[in-house]
Amino acid sequence: MSHFLSSEFYYRLGWRARSVQPGSHATRTSGGSADFRGYVPFLENPNPKRIDLRASLRTFPKQLMVRAYHERGAIAVYAVLDLSASMRFSSNSNKTQLMADITASIAWSAQRNGDAFGMVACDDEVRNDLFEAPSYRRGIADEVYQKLISISGWAQVGASAFPRAITQLRRKRSLVFLISDYHLDDQLLKETLTSLSPHDVVPVVLWDSAEYQDIPNWGWARVRDIETGRYQSLFLRPNLARRIKSSYATHRSKIVSACLMAGARMPFFIEDHFDVEALTRHMLEAS
Amino acid sequence: MSDFFHHSGIEYPWLLLLLFMGLFPWLVRGHAAFPHPSMMSLPKDTLSVWVERVWRLLGSLFTMFIVLALSGIYWGEPVVEKVGHGAHIMMVLDRSASMNDDFADKPAQGSASKMAAARRVLQQFVDKSREDLIGMVTFSTSPILVAPLGGDREAVKAALKATDAGGMGFTAIARGLGLALDYYEGKPMTGSRVVLLVSDGGAHLDSKTQDMLRTMFIRQGASLYWIFLRSANGASLSAPPEEGREDAYPEYHLHQFFGTLGVPYKAYEAESPLAVEDAMADIARLKNQPVRYFETAPRHNLASVFYLLALLCGCGLFALHLTEVKQWRAA
């Protein structure tokens, strides 16, 4: 049985969480001593340790001022997974393996960062067997990895339950990694992103170079859609290869604009292998 | 095209039931295909769609052509019109002893036997006629085939030269004619058929022989030219013999009988070598008329054509197979 490589990435939020659980993120909860919020009259925050003499002298009429702080809190980090048949695609990389790697990495990073990790998986149904309520327990990364790696019996299913994934999430704003290949029709993608808009959504797009880049230049090939089972004949030639690439480029820009329109973060594109440092960079740049 | 369907046919129509196998290439599914996560992101390509269709069509045609070929398709125009030039001439030469005699009109200097005159003229005739097929039968008591019907002039001329040996025996005209007519049997009728009888006398034919000859002439469609070399004191063909002496002139009766054959018949009475030449020139002119006739054509078996078409379809299928991608990798 294989184990996941503990690869940690760092993330930062661009918003203040509402949290009572101590953690590393800025929250709206007052208290603690980390994030300076401002000066308040002593009676509002009667803590003699925080009395600020300079601020008190600046006031008129004179009164005692106290420094107020925001708490640092923990949030829930979710991985929302697409388990449609197309995620079974395996060529230059194994998307299932890639998905398990990324999810475990998220779980590991969240746990290291003191956040709760939860997981929701969807195909045409929301998969209860793969549901993980947010938890802080150690070893969750390994558990999740084993669960995902041992999924068997993929049927020809889509990902139509994606918009219902929101029902499984906490109501408080959370960081949601939406992991899919994004081969969804426009309507479904829009609904999914809209339903998740109360949360901070990081779209993670899994693509394989064999889908559109690493294709033969010449020859006749039949291609089977593993999600719908339909066949298509492709008489490959340089012109068609170019058209496939440009079609994917269009698809890519469509995904980006759909995500930005729905208020999600910039999508993170993964091709063939998962680079954890690139994800860190992406998370820190985009926040 | 409608003409084609009108004249074509199938030898084993029940085999056409197998034509439904031509549908299989359109129904077959599940050939090796490369998996792809989503067809939505692939562009629609018309050429690829047509390559697939042509592939199925070729498979379908391949099957159907083989079925058609197996069922023995043929094409035959029932009757074809043909025009023949040149004649098929069987020369029937009398070699009886009387041919050694002189003509009725003796030439001024020397004497030419009837045989010598006939031989000389016939040789000229053979030299002149380029398009004809010529055969030769001689007869005295019994007929002898000397040259079969064919284009070999030398054989005929050699046969004529061999008649130098001089004649002997009786005049068995009926058997000579019968043998000559036999040589037309089974040959395609590509030119007018002429039996050229060169003889100096007749013979009595009984009614059974007469019937047989009549049947053979009509069946072979041959016309008859008789060059009658009249002996010095022989009777003319045109003058009926006196009452009570009919038996003495078998030539006259033979002439009458030939007239009733129902095929073109012409007799030339030649009293001198010159007259023989005239008669031959006449015949040469007559038989050069083009012959127009209808013939039932044999069927053309089209199986090989359909096998060839199937082979072409197979080649097309194979060519498409060769273009198939074996490995999904950039080159």
# chains A, B, ... in the order shown; residues from 1 in each chain; ligands from 1
$ select_by_dssp --residues "range 34-190 of chain B" --states "helix (DSSP H, G or I)" --output "PyMOL selection string"
chain B and resi 46-70+97-100+114-128+153-165+173-182
$ interface_residues --of "chain B" --to "chain A" --cutoff "12 Å" --atoms "only C-alpha atoms" --output "number ranges by chain"
B: 29-56, 319-331
$ write_last_selection --atoms "N, CA and C atoms" --output "compact mmCIF listing (two decimals), in the first residue's frame"
# COMPACT_ATOMS: atom_id res chain seq x y z
N ARG B 29 -19.70 -1.89 -33.54
CA ARG B 29 -19.24 -0.92 -32.55
C ARG B 29 -18.13 -1.57 -31.73
N GLY B 30 -17.46 -0.75 -31.00
CA GLY B 30 -16.56 -1.31 -29.99
C GLY B 30 -15.21 -1.71 -30.52
N HIS B 31 -14.73 -1.00 -31.57
CA HIS B 31 -13.36 -1.26 -31.97
C HIS B 31 -12.43 -0.50 -31.02
N ALA B 32 -11.17 -0.84 -31.09
CA ALA B 32 -10.21 -0.23 -30.18
C ALA B 32 -10.25 1.28 -30.31
N ALA B 33 -10.36 1.95 -29.18
CA ALA B 33 -10.43 3.40 -29.22
C ALA B 33 -9.63 3.94 -28.05
N PHE B 34 -9.10 5.12 -28.26
CA PHE B 34 -8.34 5.75 -27.18
C PHE B 34 -9.30 6.48 -26.26
N PRO B 35 -9.15 6.28 -24.95
CA PRO B 35 -10.06 6.99 -24.05
C PRO B 35 -9.72 8.48 -24.01
N HIS B 36 -10.72 9.26 -23.80
CA HIS B 36 -10.51 10.70 -23.68
C HIS B 36 -11.49 11.20 -22.63
N PRO B 37 -11.07 12.12 -21.78
CA PRO B 37 -11.97 12.54 -20.71
C PRO B 37 -13.19 13.29 -21.20
N SER B 38 -13.04 14.02 -22.26
CA SER B 38 -14.21 14.80 -22.65
C SER B 38 -14.19 15.12 -24.12
N MET B 39 -15.30 14.78 -24.78
CA MET B 39 -15.41 15.09 -26.19
C MET B 39 -15.83 16.54 -26.40
N MET B 40 -16.36 17.14 -25.33
CA MET B 40 -16.84 18.52 -25.47
C MET B 40 -15.72 19.45 -25.88
N SER B 41 -14.51 19.13 -25.40
CA SER B 41 -13.41 20.04 -25.67
C SER B 41 -12.73 19.75 -27.00
N LEU B 42 -13.17 18.67 -27.69
CA LEU B 42 -12.57 18.37 -28.98
C LEU B 42 -13.38 19.05 -30.08
N PRO B 43 -12.69 19.60 -31.06
CA PRO B 43 -13.44 20.28 -32.12
C PRO B 43 -14.15 19.27 -33.03
N LYS B 44 -15.22 19.73 -33.63
CA LYS B 44 -15.92 18.89 -34.62
C LYS B 44 -15.12 18.97 -35.91
N ASP B 45 -14.86 17.78 -36.49
CA ASP B 45 -14.05 17.78 -37.70
C ASP B 45 -14.77 16.99 -38.79
N THR B 46 -15.09 17.68 -39.89
CA THR B 46 -15.87 17.03 -40.96
C THR B 46 -15.08 15.94 -41.64
N LEU B 47 -13.81 16.20 -41.89
CA LEU B 47 -13.00 15.20 -42.61
C LEU B 47 -12.97 13.89 -41.84
N SER B 48 -12.79 13.99 -40.51
CA SER B 48 -12.72 12.77 -39.71
C SER B 48 -14.02 12.00 -39.79
N VAL B 49 -15.13 12.74 -39.77
CA VAL B 49 -16.43 12.08 -39.85
C VAL B 49 -16.55 11.34 -41.17
N TRP B 50 -16.07 11.97 -42.25
CA TRP B 50 -16.17 11.32 -43.57
C TRP B 50 -15.21 10.16 -43.70
N VAL B 51 -14.06 10.26 -43.08
CA VAL B 51 -13.14 9.12 -43.10
C VAL B 51 -13.82 7.92 -42.48
N GLU B 52 -14.49 8.15 -41.36
CA GLU B 52 -15.22 7.07 -40.70
C GLU B 52 -16.30 6.50 -41.61
N ARG B 53 -17.04 7.40 -42.28
CA ARG B 53 -18.12 6.94 -43.15
C ARG B 53 -17.58 6.15 -44.32
N VAL B 54 -16.51 6.66 -44.92
CA VAL B 54 -15.90 5.96 -46.06
C VAL B 54 -15.42 4.59 -45.63
N TRP B 55 -14.88 4.52 -44.42
CA TRP B 55 -14.40 3.25 -43.89
C TRP B 55 -15.54 2.25 -43.81
N ARG B 56 -16.66 2.69 -43.26
CA ARG B 56 -17.81 1.78 -43.14
C ARG B 56 -18.36 1.43 -44.52
N ALA B 319 -5.52 0.45 -46.58
CA ALA B 319 -4.82 1.74 -46.54
C ALA B 319 -5.28 2.53 -45.31
N LEU B 320 -6.60 2.52 -45.06
CA LEU B 320 -7.10 3.22 -43.88
C LEU B 320 -6.55 2.59 -42.60
N HIS B 321 -6.47 1.25 -42.64
CA HIS B 321 -5.93 0.57 -41.46
C HIS B 321 -4.49 1.00 -41.20
N LEU B 322 -3.74 1.17 -42.29
CA LEU B 322 -2.33 1.56 -42.13
C LEU B 322 -2.20 2.96 -41.53
N THR B 323 -3.20 3.81 -41.80
CA THR B 323 -3.09 5.16 -41.25
C THR B 323 -3.50 5.22 -39.78
N GLU B 324 -4.01 4.11 -39.25
CA GLU B 324 -4.51 4.17 -37.88
C GLU B 324 -3.39 4.45 -36.88
N VAL B 325 -3.73 5.21 -35.88
CA VAL B 325 -2.76 5.56 -34.86
C VAL B 325 -2.57 4.36 -33.94
N LYS B 326 -1.32 3.95 -33.76
CA LYS B 326 -1.07 2.79 -32.92
C LYS B 326 -0.80 3.23 -31.48
N GLN B 327 -0.22 4.39 -31.35
CA GLN B 327 0.17 4.84 -30.01
C GLN B 327 -0.17 6.31 -29.87
N TRP B 328 -0.80 6.63 -28.77
CA TRP B 328 -1.24 8.02 -28.56
C TRP B 328 -0.08 8.81 -27.97
N ARG B 329 0.78 9.24 -28.88
CA ARG B 329 1.97 9.99 -28.44
C ARG B 329 2.28 11.00 -29.51
N ALA B 330 2.81 12.10 -29.10
CA ALA B 330 3.27 13.07 -30.10
C ALA B 330 4.47 12.49 -30.82
N ALA B 331 4.51 12.71 -32.11
CA ALA B 331 5.58 12.12 -32.91
C ALA B 331 6.91 12.75 -32.56
$ residues_around --residues "Leu196 in chain A" --least-positions-apart "4" --cutoff "9 Å" --atoms "only C-alpha atoms" --output "NGL selection string"
:A and (163 or 165-166 or 176 or 191-192 or 200-201 or 262 or 264)
$ write_last_selection --atoms "C-alpha atoms" --output "compact mmCIF listing (two decimals), in the first residue's frame"
# COMPACT_ATOMS: atom_id res chain seq x y z
CA PRO A 163 -24.01 22.20 -6.97
CA ALA A 165 -21.96 19.85 -2.43
CA ILE A 166 -22.67 23.14 -0.65
CA VAL A 176 -12.71 25.29 -0.54
CA GLU A 191 -24.20 26.65 -10.97
CA THR A 192 -21.42 24.97 -9.01
CA ASP A 200 -13.32 31.14 -0.66
CA VAL A 201 -13.05 28.80 -3.64
CA ALA A 262 -18.39 33.79 -9.64
CA ALA A 264 -13.66 32.42 -6.93
$ residues_around --residues "Leu309 in chain B" --least-positions-apart "6" --cutoff "10 Å" --atoms "only C-alpha atoms" --output "list of chain:residue names"
B:Leu61, B:Phe62, B:Phe65, B:Ile66, B:Ala69, B:Ala303, B:Cys315
$ write_last_selection --atoms "all heavy atoms" --output "short mmCIF file (atom, residue, chain, number, x, y, z; two decimals), in the first residue's frame"
data_model
loop_
_atom_site.label_atom_id
_atom_site.label_comp_id
_atom_site.auth_asym_id
_atom_site.auth_seq_id
_atom_site.Cartn_x
_atom_site.Cartn_y
_atom_site.Cartn_z
N LEU B 61 -19.36 -2.25 -49.02
CA LEU B 61 -19.23 -2.57 -50.44
C LEU B 61 -18.39 -3.84 -50.64
O LEU B 61 -18.71 -4.67 -51.48
CB LEU B 61 -18.57 -1.40 -51.17
CG LEU B 61 -19.46 -0.19 -51.38
CD1 LEU B 61 -18.67 0.92 -52.06
CD2 LEU B 61 -20.67 -0.55 -52.20
N PHE B 62 -17.35 -3.96 -49.84
CA PHE B 62 -16.48 -5.13 -49.92
C PHE B 62 -17.30 -6.40 -49.76
O PHE B 62 -17.25 -7.31 -50.57
CB PHE B 62 -15.42 -5.00 -48.82
CG PHE B 62 -14.47 -6.15 -48.73
CD1 PHE B 62 -13.47 -6.31 -49.67
CD2 PHE B 62 -14.57 -7.07 -47.70
CE1 PHE B 62 -12.59 -7.36 -49.58
CE2 PHE B 62 -13.69 -8.12 -47.61
CZ PHE B 62 -12.70 -8.27 -48.56
N PHE B 65 -19.90 -6.78 -52.74
CA PHE B 65 -19.29 -7.16 -54.02
C PHE B 65 -18.94 -8.65 -54.00
O PHE B 65 -19.13 -9.35 -55.00
CB PHE B 65 -18.04 -6.33 -54.29
CG PHE B 65 -18.35 -4.95 -54.78
CD1 PHE B 65 -17.50 -3.90 -54.50
CD2 PHE B 65 -19.49 -4.71 -55.52
CE1 PHE B 65 -17.79 -2.62 -54.95
CE2 PHE B 65 -19.78 -3.44 -55.98
CZ PHE B 65 -18.93 -2.40 -55.69
N ILE B 66 -18.42 -9.11 -52.89
CA ILE B 66 -18.06 -10.53 -52.82
C ILE B 66 -19.30 -11.40 -52.92
O ILE B 66 -19.33 -12.40 -53.64
CB ILE B 66 -17.26 -10.80 -51.53
CG1 ILE B 66 -15.84 -10.27 -51.71
CG2 ILE B 66 -17.23 -12.29 -51.21
CD1 ILE B 66 -14.90 -10.68 -50.65
N ALA B 69 -20.39 -11.43 -56.50
CA ALA B 69 -19.51 -12.25 -57.31
C ALA B 69 -19.79 -13.73 -57.06
O ALA B 69 -19.84 -14.53 -57.99
CB ALA B 69 -18.05 -11.93 -57.01
N ALA B 303 -18.28 -11.91 -62.46
CA ALA B 303 -17.74 -12.22 -61.13
C ALA B 303 -16.36 -11.63 -60.96
O ALA B 303 -16.04 -11.03 -59.93
CB ALA B 303 -17.69 -13.73 -60.93
N CYS B 315 -8.33 -2.96 -50.57
CA CYS B 315 -7.10 -2.15 -50.56
C CYS B 315 -7.36 -0.83 -49.82
O CYS B 315 -6.53 -0.37 -49.03
CB CYS B 315 -6.63 -1.86 -51.97
SG CYS B 315 -5.92 -3.29 -52.78
#
$ residues_around --residues "range 212-227 of chain B" --least-positions-apart "6" --cutoff "10 Å" --atoms "only C-alpha atoms" --output "PyMOL selection string"
chain B and resi 88-93+118+174-175+177-178+181-187+189+192-200+205+255+257-270+275-276+279-280+283+287
$ write_last_selection --atoms "C-alpha atoms" --output "CSV table (one decimal), in the first residue's frame"
chain,number,residue,atom,x,y,z
B,88,HIS,CA,-15.6,-18.4,-96.0
B,89,ILE,CA,-15.0,-20.4,-99.2
B,90,MET,CA,-14.9,-24.1,-99.4
B,91,MET,CA,-13.7,-25.1,-102.8
B,92,VAL,CA,-15.0,-28.5,-103.8
B,93,LEU,CA,-12.9,-29.7,-106.8
B,118,ALA,CA,-9.4,-24.9,-113.3
B,174,ALA,CA,-23.0,-35.3,-102.8
B,175,ARG,CA,-20.3,-36.7,-100.5
B,177,LEU,CA,-20.5,-31.2,-100.8
B,178,GLY,CA,-21.3,-32.9,-97.5
B,181,LEU,CA,-20.4,-28.2,-95.5
B,182,ASP,CA,-19.2,-30.2,-92.4
B,183,TYR,CA,-16.4,-27.7,-92.1
B,184,TYR,CA,-18.8,-24.9,-91.4
B,185,GLU,CA,-20.2,-26.7,-88.4
B,186,GLY,CA,-19.6,-24.9,-85.1
B,187,LYS,CA,-17.7,-22.0,-86.7
B,189,MET,CA,-20.7,-16.9,-88.9
B,192,SER,CA,-20.7,-15.2,-96.1
B,193,ARG,CA,-20.3,-18.9,-96.7
B,194,VAL,CA,-19.6,-20.0,-100.2
B,195,VAL,CA,-19.3,-23.5,-101.5
B,196,LEU,CA,-17.5,-23.3,-104.8
B,197,LEU,CA,-18.2,-26.5,-106.7
B,198,VAL,CA,-15.9,-27.0,-109.7
B,199,SER,CA,-17.0,-30.0,-111.6
B,200,ASP,CA,-17.5,-31.2,-115.1
B,205,LEU,CA,-28.8,-38.1,-106.2
B,255,HIS,CA,-28.8,-28.1,-111.7
B,257,PHE,CA,-32.1,-29.7,-107.7
B,258,PHE,CA,-29.6,-27.0,-106.7
B,259,GLY,CA,-32.2,-24.4,-107.8
B,260,THR,CA,-34.6,-25.8,-105.2
B,261,LEU,CA,-32.1,-25.7,-102.3
B,262,GLY,CA,-33.4,-22.5,-100.9
B,263,VAL,CA,-30.0,-20.9,-100.6
B,264,PRO,CA,-28.4,-18.5,-103.2
B,265,TYR,CA,-27.3,-20.6,-106.1
B,266,LYS,CA,-25.6,-19.7,-109.3
B,267,ALA,CA,-24.2,-21.9,-112.0
B,268,TYR,CA,-21.6,-20.8,-114.5
B,269,GLU,CA,-21.2,-22.8,-117.6
B,270,ALA,CA,-17.6,-22.7,-118.7
B,275,ALA,CA,-15.0,-18.5,-119.4
B,276,VAL,CA,-13.7,-20.0,-116.1
B,279,ALA,CA,-16.9,-16.9,-113.7
B,280,MET,CA,-14.3,-16.6,-111.0
B,283,ILE,CA,-17.8,-14.9,-107.8
B,287,LYS,CA,-18.9,-12.8,-102.2
$ residues_around --residues "Arg153 in chain B" --least-positions-apart "3" --cutoff "10 Å" --atoms "only C-alpha atoms" --output "PyMOL selection string"
chain B and resi 123+126-127+129-130+132-135+147+150+156-159
$ write_last_selection --atoms "N, CA and C atoms" --output "PDB file, in the first residue's frame"
ATOM      1  N   GLN B 123      -5.854 -20.942-108.575  1.00  0.00           N
ATOM      2  CA  GLN B 123      -4.639 -20.404-107.941  1.00  0.00           C
ATOM      3  C   GLN B 123      -4.660 -18.884-107.951  1.00  0.00           C
ATOM      4  N   VAL B 126      -7.077 -17.714-105.418  1.00  0.00           N
ATOM      5  CA  VAL B 126      -6.567 -17.799-104.042  1.00  0.00           C
ATOM      6  C   VAL B 126      -5.591 -16.658-103.760  1.00  0.00           C
ATOM      7  N   ASP B 127      -4.781 -16.318-104.745  1.00  0.00           N
ATOM      8  CA  ASP B 127      -3.822 -15.229-104.562  1.00  0.00           C
ATOM      9  C   ASP B 127      -4.519 -13.894-104.353  1.00  0.00           C
ATOM     10  N   SER B 129      -7.698 -13.196-103.289  1.00  0.00           N
ATOM     11  CA  SER B 129      -8.618 -12.966-102.154  1.00  0.00           C
ATOM     12  C   SER B 129      -7.826 -12.938-100.854  1.00  0.00           C
ATOM     13  N   ARG B 130      -7.761 -11.731-100.290  1.00  0.00           N
ATOM     14  CA  ARG B 130      -6.932 -11.567 -99.091  1.00  0.00           C
ATOM     15  C   ARG B 130      -7.718 -11.748 -97.789  1.00  0.00           C
ATOM     16  N   ASP B 132     -10.388 -13.591 -97.301  1.00  0.00           N
ATOM     17  CA  ASP B 132     -11.240 -14.777 -97.169  1.00  0.00           C
ATOM     18  C   ASP B 132     -10.544 -15.887 -96.405  1.00  0.00           C
ATOM     19  N   LEU B 133     -11.381 -16.735 -95.871  1.00  0.00           N
ATOM     20  CA  LEU B 133     -10.871 -18.006 -95.358  1.00  0.00           C
ATOM     21  C   LEU B 133     -11.169 -19.045 -96.434  1.00  0.00           C
ATOM     22  N   ILE B 134     -10.195 -19.819 -96.743  1.00  0.00           N
ATOM     23  CA  ILE B 134     -10.374 -20.758 -97.849  1.00  0.00           C
ATOM     24  C   ILE B 134     -10.041 -22.164 -97.384  1.00  0.00           C
ATOM     25  N   GLY B 135     -10.881 -23.086 -97.759  1.00  0.00           N
ATOM     26  CA  GLY B 135     -10.607 -24.485 -97.509  1.00  0.00           C
ATOM     27  C   GLY B 135     -10.820 -25.253 -98.818  1.00  0.00           C
ATOM     28  N   ALA B 147      -7.449 -29.182 -97.509  1.00  0.00           N
ATOM     29  CA  ALA B 147      -7.060 -28.028 -96.693  1.00  0.00           C
ATOM     30  C   ALA B 147      -8.276 -27.588 -95.881  1.00  0.00           C
ATOM     31  N   GLY B 150      -9.431 -22.048 -93.436  1.00  0.00           N
ATOM     32  CA  GLY B 150      -8.517 -21.240 -92.631  1.00  0.00           C
ATOM     33  C   GLY B 150      -7.825 -20.217 -93.489  1.00  0.00           C
ATOM     34  N   VAL B 156      -3.455 -24.266 -99.344  1.00  0.00           N
ATOM     35  CA  VAL B 156      -4.431 -24.421-100.417  1.00  0.00           C
ATOM     36  C   VAL B 156      -3.714 -24.510-101.754  1.00  0.00           C
ATOM     37  N   LYS B 157      -2.689 -23.643-101.923  1.00  0.00           N
ATOM     38  CA  LYS B 157      -1.985 -23.637-103.199  1.00  0.00           C
ATOM     39  C   LYS B 157      -1.219 -24.961-103.404  1.00  0.00           C
ATOM     40  N   ALA B 158      -0.653 -25.456-102.316  1.00  0.00           N
ATOM     41  CA  ALA B 158       0.037 -26.737-102.407  1.00  0.00           C
ATOM     42  C   ALA B 158      -0.937 -27.834-102.775  1.00  0.00           C
ATOM     43  N   ALA B 159      -2.148 -27.744-102.207  1.00  0.00           N
ATOM     44  CA  ALA B 159      -3.164 -28.752-102.507  1.00  0.00           C
ATOM     45  C   ALA B 159      -3.555 -28.687-103.983  1.00  0.00           C
TER      46      ALA B 159
END
$ closest_residue --among "A:Thr280, A:Ser24, A:Ser105, A:Gln111" --to "His70 in chain A" --atoms "only C-alpha atoms"
A:Ser24
$ select_by_dssp --residues "range 72-226 of chain A" --states "strand (DSSP E or B)" --output "MDAnalysis selection string"
chainID A and resid 72:73 76:82 90 94 116:122 126:135 175:180 200:207 219:225
$ write_last_selection --atoms "N, CA and C atoms" --output "compact mmCIF listing (two decimals), in the first residue's frame"
# COMPACT_ATOMS: atom_id res chain seq x y z
N ARG A 72 -6.68 35.33 16.56
CA ARG A 72 -6.27 34.47 15.43
C ARG A 72 -7.07 33.18 15.55
N GLY A 73 -7.65 32.78 14.42
CA GLY A 73 -8.52 31.61 14.52
C GLY A 73 -8.26 30.59 13.45
N ALA A 76 -12.09 26.07 8.47
CA ALA A 76 -12.22 24.73 7.88
C ALA A 76 -11.73 24.80 6.44
N VAL A 77 -10.89 23.86 6.08
CA VAL A 77 -10.43 23.74 4.68
C VAL A 77 -11.10 22.52 4.09
N TYR A 78 -11.79 22.74 2.97
CA TYR A 78 -12.50 21.63 2.33
C TYR A 78 -11.85 21.25 1.02
N ALA A 79 -11.89 19.99 0.72
CA ALA A 79 -11.61 19.55 -0.65
C ALA A 79 -12.92 19.03 -1.21
N VAL A 80 -13.39 19.67 -2.28
CA VAL A 80 -14.59 19.18 -2.97
C VAL A 80 -14.14 18.49 -4.25
N LEU A 81 -14.44 17.19 -4.34
CA LEU A 81 -13.85 16.38 -5.41
C LEU A 81 -14.88 16.00 -6.46
N ASP A 82 -14.41 15.99 -7.67
CA ASP A 82 -15.20 15.52 -8.81
C ASP A 82 -14.87 14.05 -9.01
N SER A 90 -6.33 8.20 -17.44
CA SER A 90 -4.96 7.94 -17.03
C SER A 90 -4.12 7.76 -18.27
N ASN A 94 -1.93 9.79 -13.83
CA ASN A 94 -3.16 9.14 -13.39
C ASN A 94 -3.95 10.15 -12.59
N ALA A 116 -9.08 22.85 10.33
CA ALA A 116 -9.83 21.60 10.19
C ALA A 116 -9.90 21.24 8.71
N PHE A 117 -9.85 19.95 8.44
CA PHE A 117 -9.97 19.51 7.06
C PHE A 117 -11.22 18.68 6.88
N GLY A 118 -11.96 18.99 5.79
CA GLY A 118 -13.15 18.19 5.47
C GLY A 118 -13.16 17.87 3.99
N MET A 119 -13.91 16.87 3.64
CA MET A 119 -13.91 16.45 2.24
C MET A 119 -15.32 16.09 1.80
N VAL A 120 -15.68 16.55 0.60
CA VAL A 120 -16.96 16.19 0.00
C VAL A 120 -16.67 15.72 -1.42
N ALA A 121 -17.19 14.54 -1.76
CA ALA A 121 -16.96 14.02 -3.12
C ALA A 121 -18.30 13.88 -3.83
N CYS A 122 -18.31 14.21 -5.10
CA CYS A 122 -19.56 14.20 -5.86
C CYS A 122 -19.39 13.47 -7.17
N VAL A 126 -24.06 13.02 -4.21
CA VAL A 126 -23.03 13.39 -3.25
C VAL A 126 -22.64 12.10 -2.54
N ARG A 127 -21.36 11.78 -2.58
CA ARG A 127 -20.93 10.48 -2.08
C ARG A 127 -20.78 10.50 -0.57
N ASN A 128 -21.70 9.82 0.13
CA ASN A 128 -21.65 9.81 1.60
C ASN A 128 -20.49 8.97 2.12
N ASP A 129 -20.10 7.97 1.35
CA ASP A 129 -19.03 7.09 1.82
C ASP A 129 -17.69 7.80 1.85
N LEU A 130 -17.59 8.87 1.06
CA LEU A 130 -16.31 9.57 1.03
C LEU A 130 -16.37 10.90 1.78
N PHE A 131 -17.46 11.13 2.49
CA PHE A 131 -17.61 12.40 3.20
C PHE A 131 -16.74 12.42 4.45
N GLU A 132 -16.08 13.53 4.65
CA GLU A 132 -15.31 13.74 5.88
C GLU A 132 -15.77 15.05 6.48
N ALA A 133 -16.29 14.99 7.69
CA ALA A 133 -16.63 16.23 8.37
C ALA A 133 -15.33 16.91 8.79
N PRO A 134 -15.31 18.27 8.85
CA PRO A 134 -14.06 18.94 9.20
C PRO A 134 -13.54 18.47 10.55
N SER A 135 -12.30 18.11 10.58
CA SER A 135 -11.75 17.67 11.86
C SER A 135 -10.28 18.05 11.93
N LEU A 175 -12.27 27.77 3.33
CA LEU A 175 -11.44 27.68 2.13
C LEU A 175 -11.79 26.37 1.43
N VAL A 176 -12.25 26.48 0.17
CA VAL A 176 -12.71 25.29 -0.54
C VAL A 176 -11.85 25.08 -1.78
N PHE A 177 -11.20 23.91 -1.83
CA PHE A 177 -10.48 23.54 -3.06
C PHE A 177 -11.43 22.72 -3.91
N LEU A 178 -11.74 23.24 -5.07
CA LEU A 178 -12.67 22.55 -5.96
C LEU A 178 -11.84 21.80 -7.01
N ILE A 179 -11.68 20.49 -6.77
CA ILE A 179 -10.76 19.71 -7.61
C ILE A 179 -11.55 18.93 -8.65
N SER A 180 -11.26 19.24 -9.90
CA SER A 180 -12.00 18.60 -10.98
C SER A 180 -11.17 18.74 -12.25
N ASP A 200 -14.49 30.76 0.09
CA ASP A 200 -13.32 31.14 -0.66
C ASP A 200 -12.91 29.93 -1.50
N VAL A 201 -13.22 29.98 -2.80
CA VAL A 201 -13.05 28.80 -3.64
C VAL A 201 -11.75 28.89 -4.42
N VAL A 202 -10.94 27.83 -4.31
CA VAL A 202 -9.74 27.73 -5.13
C VAL A 202 -9.97 26.63 -6.15
N PRO A 203 -10.24 26.98 -7.41
CA PRO A 203 -10.44 25.93 -8.42
C PRO A 203 -9.10 25.27 -8.76
N VAL A 204 -9.07 23.95 -8.71
CA VAL A 204 -7.87 23.21 -9.08
C VAL A 204 -8.23 22.37 -10.30
N VAL A 205 -7.59 22.67 -11.42
CA VAL A 205 -7.94 22.03 -12.69
C VAL A 205 -6.92 20.95 -13.01
N LEU A 206 -7.38 19.71 -13.12
CA LEU A 206 -6.48 18.61 -13.46
C LEU A 206 -6.59 18.31 -14.94
N TRP A 207 -5.53 18.55 -15.64
CA TRP A 207 -5.51 18.18 -17.05
C TRP A 207 -4.32 17.28 -17.32
N GLY A 219 -2.48 10.51 -38.57
CA GLY A 219 -3.08 9.20 -38.40
C GLY A 219 -4.54 9.29 -38.04
N TRP A 220 -5.17 8.15 -38.22
CA TRP A 220 -6.60 8.07 -37.96
C TRP A 220 -6.80 7.38 -36.62
N ALA A 221 -7.54 8.02 -35.74
CA ALA A 221 -7.75 7.45 -34.41
C ALA A 221 -9.22 7.55 -34.07
N ARG A 222 -9.69 6.54 -33.34
CA ARG A 222 -11.03 6.66 -32.78
C ARG A 222 -10.86 6.96 -31.30
N VAL A 223 -11.71 7.84 -30.83
CA VAL A 223 -11.57 8.29 -29.46
C VAL A 223 -12.90 8.00 -28.75
N ARG A 224 -12.79 7.47 -27.53
CA ARG A 224 -13.99 7.16 -26.77
C ARG A 224 -14.06 8.09 -25.56
N ASP A 225 -15.21 8.70 -25.40
CA ASP A 225 -15.42 9.56 -24.25
C ASP A 225 -15.70 8.67 -23.05
$ closest_residue --among "A:Leu284, A:Leu53, A:Ala68, A:Leu43" --to "Ser30 in chain A" --atoms "only C-alpha atoms"
A:Ala68
$ residues_around --residues "Ser160 in chain A" --least-positions-apart "2" --cutoff "6 Å" --atoms "only C-alpha atoms" --output "PDB file with N, CA and C atoms, in the first residue's frame"
ATOM      1  N   ASP A 124     -22.757  11.746  -9.703  1.00  0.00           N
ATOM      2  CA  ASP A 124     -24.133  12.177  -9.932  1.00  0.00           C
ATOM      3  C   ASP A 124     -24.890  12.274  -8.612  1.00  0.00           C
ATOM      4  N   GLY A 158     -21.484  11.344 -14.337  1.00  0.00           N
ATOM      5  CA  GLY A 158     -21.049  12.722 -14.512  1.00  0.00           C
ATOM      6  C   GLY A 158     -20.752  13.328 -13.164  1.00  0.00           C
ATOM      7  N   PHE A 162     -22.502  18.300  -8.204  1.00  0.00           N
ATOM      8  CA  PHE A 162     -21.597  19.357  -7.753  1.00  0.00           C
ATOM      9  C   PHE A 162     -22.293  20.537  -7.063  1.00  0.00           C
TER      10      PHE A 162
END
